[in-house]
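Here's final_27.cif, which has mmCIF, C-alpha atoms:
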data_run
#
loop_
_atom_site.group_PDB
_atom_site.id
_atom_site.type_symbol
_atom_site.label_atom_id
_atom_site.label_comp_id
_atom_site.auth_asym_id
_atom_site.auth_seq_id
_atom_site.Cartn_x
_atom_site.Cartn_y
_atom_site.Cartn_z
ATOM 1 C CA MET A 7 126.870 109.193 116.274
ATOM 2 C CA ILE A 8 124.560 110.292 113.453
ATOM 3 C CA SER A 9 121.195 111.582 114.634
ATOM 4 C CA ARG A 10 118.084 109.591 113.768
ATOM 5 C CA PRO A 11 116.504 112.330 111.545
ATOM 6 C CA ARG A 12 119.776 112.832 109.667
ATOM 7 C CA ARG A 13 120.219 109.082 109.205
ATOM 8 C CA LEU A 14 116.652 108.785 107.885
ATOM 9 C CA VAL A 15 117.058 111.716 105.457
ATOM 10 C CA CYS A 16 120.402 110.416 104.163
ATOM 11 C CA THR A 17 119.048 106.879 103.781
ATOM 12 C CA ILE A 18 115.989 108.072 101.875
ATOM 13 C CA LEU A 19 118.067 110.283 99.551
ATOM 14 C CA PHE A 20 120.497 107.427 98.934
ATOM 15 C CA LEU A 21 117.635 105.113 98.063
ATOM 16 C CA LEU A 22 116.134 107.699 95.703
ATOM 17 C CA ALA A 23 119.407 107.820 93.802
ATOM 18 C CA ALA A 24 119.362 104.063 93.276
ATOM 19 C CA VAL A 25 117.541 102.378 90.433
ATOM 20 C CA VAL A 26 114.276 101.058 91.833
ATOM 21 C CA SER A 27 112.622 98.086 90.167
ATOM 22 C CA ALA A 28 108.858 97.670 89.865
ATOM 23 C CA ARG A 29 108.968 94.936 92.505
ATOM 24 C CA ALA A 30 109.004 95.958 96.152
ATOM 25 C CA ALA A 31 112.557 95.891 97.480
ATOM 26 C CA GLU A 32 113.382 95.019 101.052
ATOM 27 C CA LEU A 33 114.303 98.229 102.878
ATOM 28 C CA PRO A 34 117.128 98.439 105.431
ATOM 29 C CA SER A 35 116.308 98.503 109.135
ATOM 30 C CA THR A 36 117.122 102.236 109.311
ATOM 31 C CA VAL A 37 113.936 102.980 107.340
ATOM 32 C CA ALA A 38 110.699 102.946 109.351
ATOM 33 C CA LYS A 39 108.252 100.153 108.558
ATOM 34 C CA GLY A 40 105.665 101.335 106.042
ATOM 35 C CA ALA A 41 107.834 104.262 104.903
ATOM 36 C CA ARG A 42 107.529 105.218 101.250
ATOM 37 C CA LEU A 43 110.191 106.803 99.070
ATOM 38 C CA VAL A 44 109.036 110.243 97.965
ATOM 39 C CA GLU A 45 110.797 112.639 95.623
ATOM 40 C CA VAL A 46 110.859 116.022 97.370
ATOM 41 C CA PHE A 47 112.714 118.139 94.800
ATOM 42 C CA SER A 48 113.765 117.924 91.168
ATOM 43 C CA SER A 49 115.547 120.314 88.811
ATOM 44 C CA ALA A 50 117.889 120.365 85.824
ATOM 45 C CA ALA A 51 120.894 120.617 88.166
ATOM 46 C CA PHE A 52 123.070 117.784 89.444
ATOM 47 C CA HIS A 53 122.435 117.543 93.205
ATOM 48 C CA GLU A 54 124.741 116.211 95.915
ATOM 49 C CA GLY A 55 125.780 116.706 99.517
ATOM 50 C CA PRO A 56 122.509 116.597 101.494
ATOM 51 C CA THR A 57 122.651 117.793 105.100
ATOM 52 C CA TRP A 58 119.746 118.045 107.545
ATOM 53 C CA ASP A 59 119.767 120.935 110.045
ATOM 54 C CA PRO A 60 117.713 119.881 113.084
ATOM 55 C CA VAL A 61 117.526 123.455 114.436
ATOM 56 C CA THR A 62 115.802 124.919 111.355
ATOM 57 C CA GLY A 63 114.207 121.639 110.299
ATOM 58 C CA LYS A 64 115.523 122.182 106.768
ATOM 59 C CA LEU A 65 117.421 120.073 104.257
ATOM 60 C CA TYR A 66 120.379 121.690 102.471
ATOM 61 C CA PHE A 67 122.009 120.252 99.332
ATOM 62 C CA THR A 68 124.272 121.346 96.504
ATOM 63 C CA ALA A 69 123.309 122.148 92.919
ATOM 64 C CA PHE A 70 125.699 122.005 89.949
ATOM 65 C CA PHE A 71 124.589 123.468 86.614
ATOM 66 C CA GLY A 72 127.125 122.151 84.098
ATOM 67 C CA GLY A 73 130.848 122.681 84.562
ATOM 68 C CA ASP A 74 130.679 126.432 85.202
ATOM 69 C CA PRO A 75 132.251 127.136 88.627
ATOM 70 C CA ALA A 76 130.290 130.404 88.830
ATOM 71 C CA ASN A 77 126.981 128.573 88.476
ATOM 72 C CA GLN A 78 126.867 126.392 91.575
ATOM 73 C CA GLN A 79 124.702 126.801 94.640
ATOM 74 C CA ILE A 80 123.603 125.460 97.986
ATOM 75 C CA ILE A 81 119.832 124.994 98.030
ATOM 76 C CA ARG A 82 117.553 124.946 101.092
ATOM 77 C CA LEU A 83 114.439 122.798 100.794
ATOM 78 C CA ASP A 84 111.523 124.910 102.075
ATOM 79 C CA GLY A 85 108.789 122.407 101.270
ATOM 80 C CA PRO A 86 107.963 119.704 98.735
ATOM 81 C CA GLY A 87 109.247 120.932 95.367
ATOM 82 C CA LYS A 88 110.269 124.342 96.779
ATOM 83 C CA GLY A 89 113.983 124.995 96.889
ATOM 84 C CA THR A 90 115.499 128.364 97.767
ATOM 85 C CA VAL A 91 119.029 129.410 96.817
ATOM 86 C CA TRP A 92 120.725 129.667 100.211
ATOM 87 C CA LEU A 93 124.231 130.305 98.813
ATOM 88 C CA ASP A 94 124.846 131.397 95.226
ATOM 89 C CA LYS A 95 128.236 130.997 93.526
ATOM 90 C CA SER A 96 129.437 128.439 96.068
ATOM 91 C CA GLU A 97 132.737 127.887 94.204
ATOM 92 C CA GLY A 98 131.904 124.228 93.831
ATOM 93 C CA VAL A 99 130.796 123.226 97.330
ATOM 94 C CA ASN A 100 130.007 119.564 96.799
ATOM 95 C CA GLY A 101 129.932 117.508 99.974
ATOM 96 C CA THR A 102 128.380 119.036 103.097
ATOM 97 C CA TRP A 103 128.158 117.979 106.745
ATOM 98 C CA LEU A 104 126.576 119.329 109.914
ATOM 99 C CA SER A 105 129.492 120.135 112.236
ATOM 100 C CA LEU A 106 129.562 119.475 115.956
ATOM 101 C CA ASP A 107 129.062 123.198 116.599
ATOM 102 C CA GLY A 108 125.960 123.327 114.367
ATOM 103 C CA ARG A 109 127.559 124.884 111.275
ATOM 104 C CA LEU A 110 127.488 123.631 107.698
ATOM 105 C CA LEU A 111 130.845 122.264 106.549
ATOM 106 C CA GLY A 112 131.467 122.342 102.801
ATOM 107 C CA ALA A 113 134.206 120.889 100.602
ATOM 108 C CA GLN A 114 134.793 123.602 97.993
ATOM 109 C CA ALA A 115 136.097 122.016 94.781
ATOM 110 C CA TYR A 116 136.964 125.143 92.793
ATOM 111 C CA GLY A 117 137.945 127.353 95.724
ATOM 112 C CA HIS A 118 140.262 124.595 97.023
ATOM 113 C CA ARG A 119 138.928 125.233 100.527
ATOM 114 C CA LEU A 120 137.238 123.508 103.406
ATOM 115 C CA MET A 121 134.490 125.944 104.436
ATOM 116 C CA SER A 122 132.298 126.438 107.510
ATOM 117 C CA TYR A 123 129.015 128.389 107.272
ATOM 118 C CA SER A 124 126.645 129.518 110.004
ATOM 119 C CA PHE A 125 122.948 129.024 109.252
ATOM 120 C CA GLY A 126 121.263 132.350 108.519
ATOM 121 C CA PRO A 127 117.600 132.781 107.504
ATOM 122 C CA LYS A 128 118.355 133.856 103.914
ATOM 123 C CA GLY A 129 121.871 132.520 103.534
ATOM 124 C CA PRO A 130 125.043 131.962 105.503
ATOM 125 C CA GLY A 131 125.337 134.255 108.526
ATOM 126 C CA ASP A 132 129.092 134.084 108.087
ATOM 127 C CA ALA A 133 131.579 131.981 106.165
ATOM 128 C CA LYS A 134 134.973 130.817 107.405
ATOM 129 C CA ALA A 135 137.724 129.077 105.463
ATOM 130 C CA LEU A 136 138.987 126.333 107.795
ATOM 131 C CA ALA A 137 141.734 125.256 105.391
ATOM 132 C CA VAL A 138 142.967 126.428 101.981
ATOM 133 C CA ASN A 139 145.478 124.809 99.644
ATOM 134 C CA MET A 140 145.608 125.709 95.958
ATOM 135 C CA LYS A 141 147.501 122.437 95.336
ATOM 136 C CA TRP A 142 144.425 120.410 96.309
ATOM 137 C CA HIS A 143 142.655 118.993 93.269
ATOM 138 C CA GLN A 144 138.930 119.323 94.015
ATOM 139 C CA PRO A 145 137.830 118.793 97.619
ATOM 140 C CA ASN A 146 134.690 116.711 97.273
ATOM 141 C CA ASP A 147 133.111 115.087 100.345
ATOM 142 C CA VAL A 148 133.519 116.000 104.006
ATOM 143 C CA CYS A 149 132.672 114.612 107.447
ATOM 144 C CA GLN A 150 133.469 115.259 111.095
ATOM 145 C CA THR A 151 134.080 112.657 113.783
ATOM 146 C CA PRO A 152 132.649 112.854 117.323
ATOM 147 C CA ASN A 153 136.063 114.013 118.621
ATOM 148 C CA GLY A 154 136.082 116.953 116.166
ATOM 149 C CA ASN A 155 138.468 115.659 113.483
ATOM 150 C CA ILE A 156 137.426 116.693 109.976
ATOM 151 C CA TYR A 157 138.102 114.500 106.940
ATOM 152 C CA PHE A 158 137.532 115.242 103.261
ATOM 153 C CA THR A 159 138.262 113.582 99.949
ATOM 154 C CA ASP A 160 140.361 115.247 97.247
ATOM 155 C CA PRO A 161 139.967 113.304 93.984
ATOM 156 C CA ASP A 162 141.984 114.186 90.894
ATOM 157 C CA PHE A 163 139.121 114.177 88.385
ATOM 158 C CA ALA A 164 141.267 115.760 85.647
ATOM 159 C CA ASN A 165 144.032 113.143 85.508
ATOM 160 C CA LYS A 166 142.254 110.243 87.226
ATOM 161 C CA LYS A 167 145.558 109.167 88.790
ATOM 162 C CA THR A 168 145.302 109.973 92.493
ATOM 163 C CA SER A 169 142.710 110.540 95.155
ATOM 164 C CA LYS A 170 143.471 111.603 98.706
ATOM 165 C CA VAL A 171 141.673 111.655 102.066
#
Please re-express this file's structure in structure tokens.
Amino acid sequence: MISRPRRLVCTILFLLAAVVSARAAELPSTVAKGARLVEVFSSAAFHEGPTWDPVTGKLYFTAFFGGDPANQQIIRLDGPGKGTVWLDKSEGVNGTWLSLDGRLLGAQAYGHRLMSYSFGPKGPGDAKALAVNMKWHQPNDVCQTPNGNIYFTDPDFANKKTSKV
């Protein structure tokens, strides 16, 4: 079951990504009455994979700067408009998820790995490769079920012929 704060953060970020018309739209029941959509961070990067850590009270998300695999990061939101590089050169971590044991899972597109990171104050305390397969295309999104199973997507962006889960 997704926690209430995580559900709220994910819902708000999803709504921010949508095109909002000038007219007031009806919000889903997961958004508190009277809530307003607020942009909390903006940069020239392409952002994805938001994950809320309830222990630190911080939001983590990925940042892609063009197609350079060496220029991708995981950012920690430290306040409105203030993002700190939590992991530099992430090898294309795209989708992230808070694991059952409180670690950050990451689907690493260019490293062809499923990663697990502990939350450290200035970056990952440690990093573990849970699975590696150089034949994977580009692991993209990841999630974990209540029983501990981990799923991720592996789209073939280059050939646009197959996509696997």
Starting from the shown file, work through the PyMOL selection byres ((chain A and resi 58-69) around 9) and note down what comes out as number ranges by chain. A: 11-12, 15-16, 49, 51-57, 70-71, 77-85, 92, 96, 98-104, 108-110, 125, 127
Let me know the residues the PyMOL selection byres ((chain A and resi 163-169) around 10) catches in the file above, as a PDB file with C-alpha atoms, in the coordinates of the input.
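This is the output file result-v1.pdb:
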ATOM      1  CA  HIS A 143     142.655 118.993  93.269  1.00  0.00           C
ATOM      2  CA  GLN A 144     138.930 119.323  94.015  1.00  0.00           C
ATOM      3  CA  PRO A 145     137.830 118.793  97.619  1.00  0.00           C
ATOM      4  CA  THR A 159     138.262 113.582  99.949  1.00  0.00           C
ATOM      5  CA  ASP A 160     140.361 115.247  97.247  1.00  0.00           C
ATOM      6  CA  PRO A 161     139.967 113.304  93.984  1.00  0.00           C
ATOM      7  CA  ASP A 162     141.984 114.186  90.894  1.00  0.00           C
ATOM      8  CA  LYS A 170     143.471 111.603  98.706  1.00  0.00           C
ATOM      9  CA  VAL A 171     141.673 111.655 102.066  1.00  0.00           C
TER      10      VAL A 171
END
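Here CA of Arg119 (chain A) and CA of Asn153 (chain A) stand 21.5 Å from one another.
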Edge lengths and centre, in Å to one decimal, as JSON: that's what I need for the box along x, y and z that holds all listed atoms of region 48-66 of chain A plus 5 Å on each side.
{"center_x": 119.8, "center_y": 120.6, "center_z": 100.1, "size_x": 22.0, "size_y": 18.7, "size_z": 38.6}
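When CA of Ser48 (chain A) is paired with CA of Ala133 (chain A), their separation reads 27.2 Å.
Residue nearest Ser124 (chain A), chosen from A:Asn146, A:Ser105, A:Thr36, A:Asn155 and counting all atoms listed in the file: A:Ser105.
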For Leu93 (chain A), which of A:Lys128, A:His118, A:Lys39, A:Lys141 is the closest residue, counting all atoms listed in the file?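 Smallest distance to Leu93 (chain A) is found for A:Lys128.
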For CA of Pro86 (chain A) and CA of Ala113 (chain A), quote the distance in Å rounded to one decimal. 26.3 Å
Pick from A:Ile156, A:Val91, A:Val46, A:Leu33 nearest to Ala137 (chain A), counting only C-alpha atoms: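 Ranking A:Ile156, A:Val91, A:Val46, A:Leu33 by distance to Ala137 (chain A), first place goes to A:Ile156.
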Counting only C-alpha atoms, what is within 9 Å of Leu106 (chain A), bar same-chain residues fewer than 6 positions away, as a list in words?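 That gives Gln150, Thr151, Pro152, Asn153 and Gly154 of chain A.
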Between A:Gly126, A:Gly117, A:Leu111, A:Lys134, which residue has the minimum interatomic distance to Cys149 (chain A), considering all atoms listed in the file?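 Counting all atoms listed in the file, the residue closest to Cys149 (chain A) is A:Leu111.
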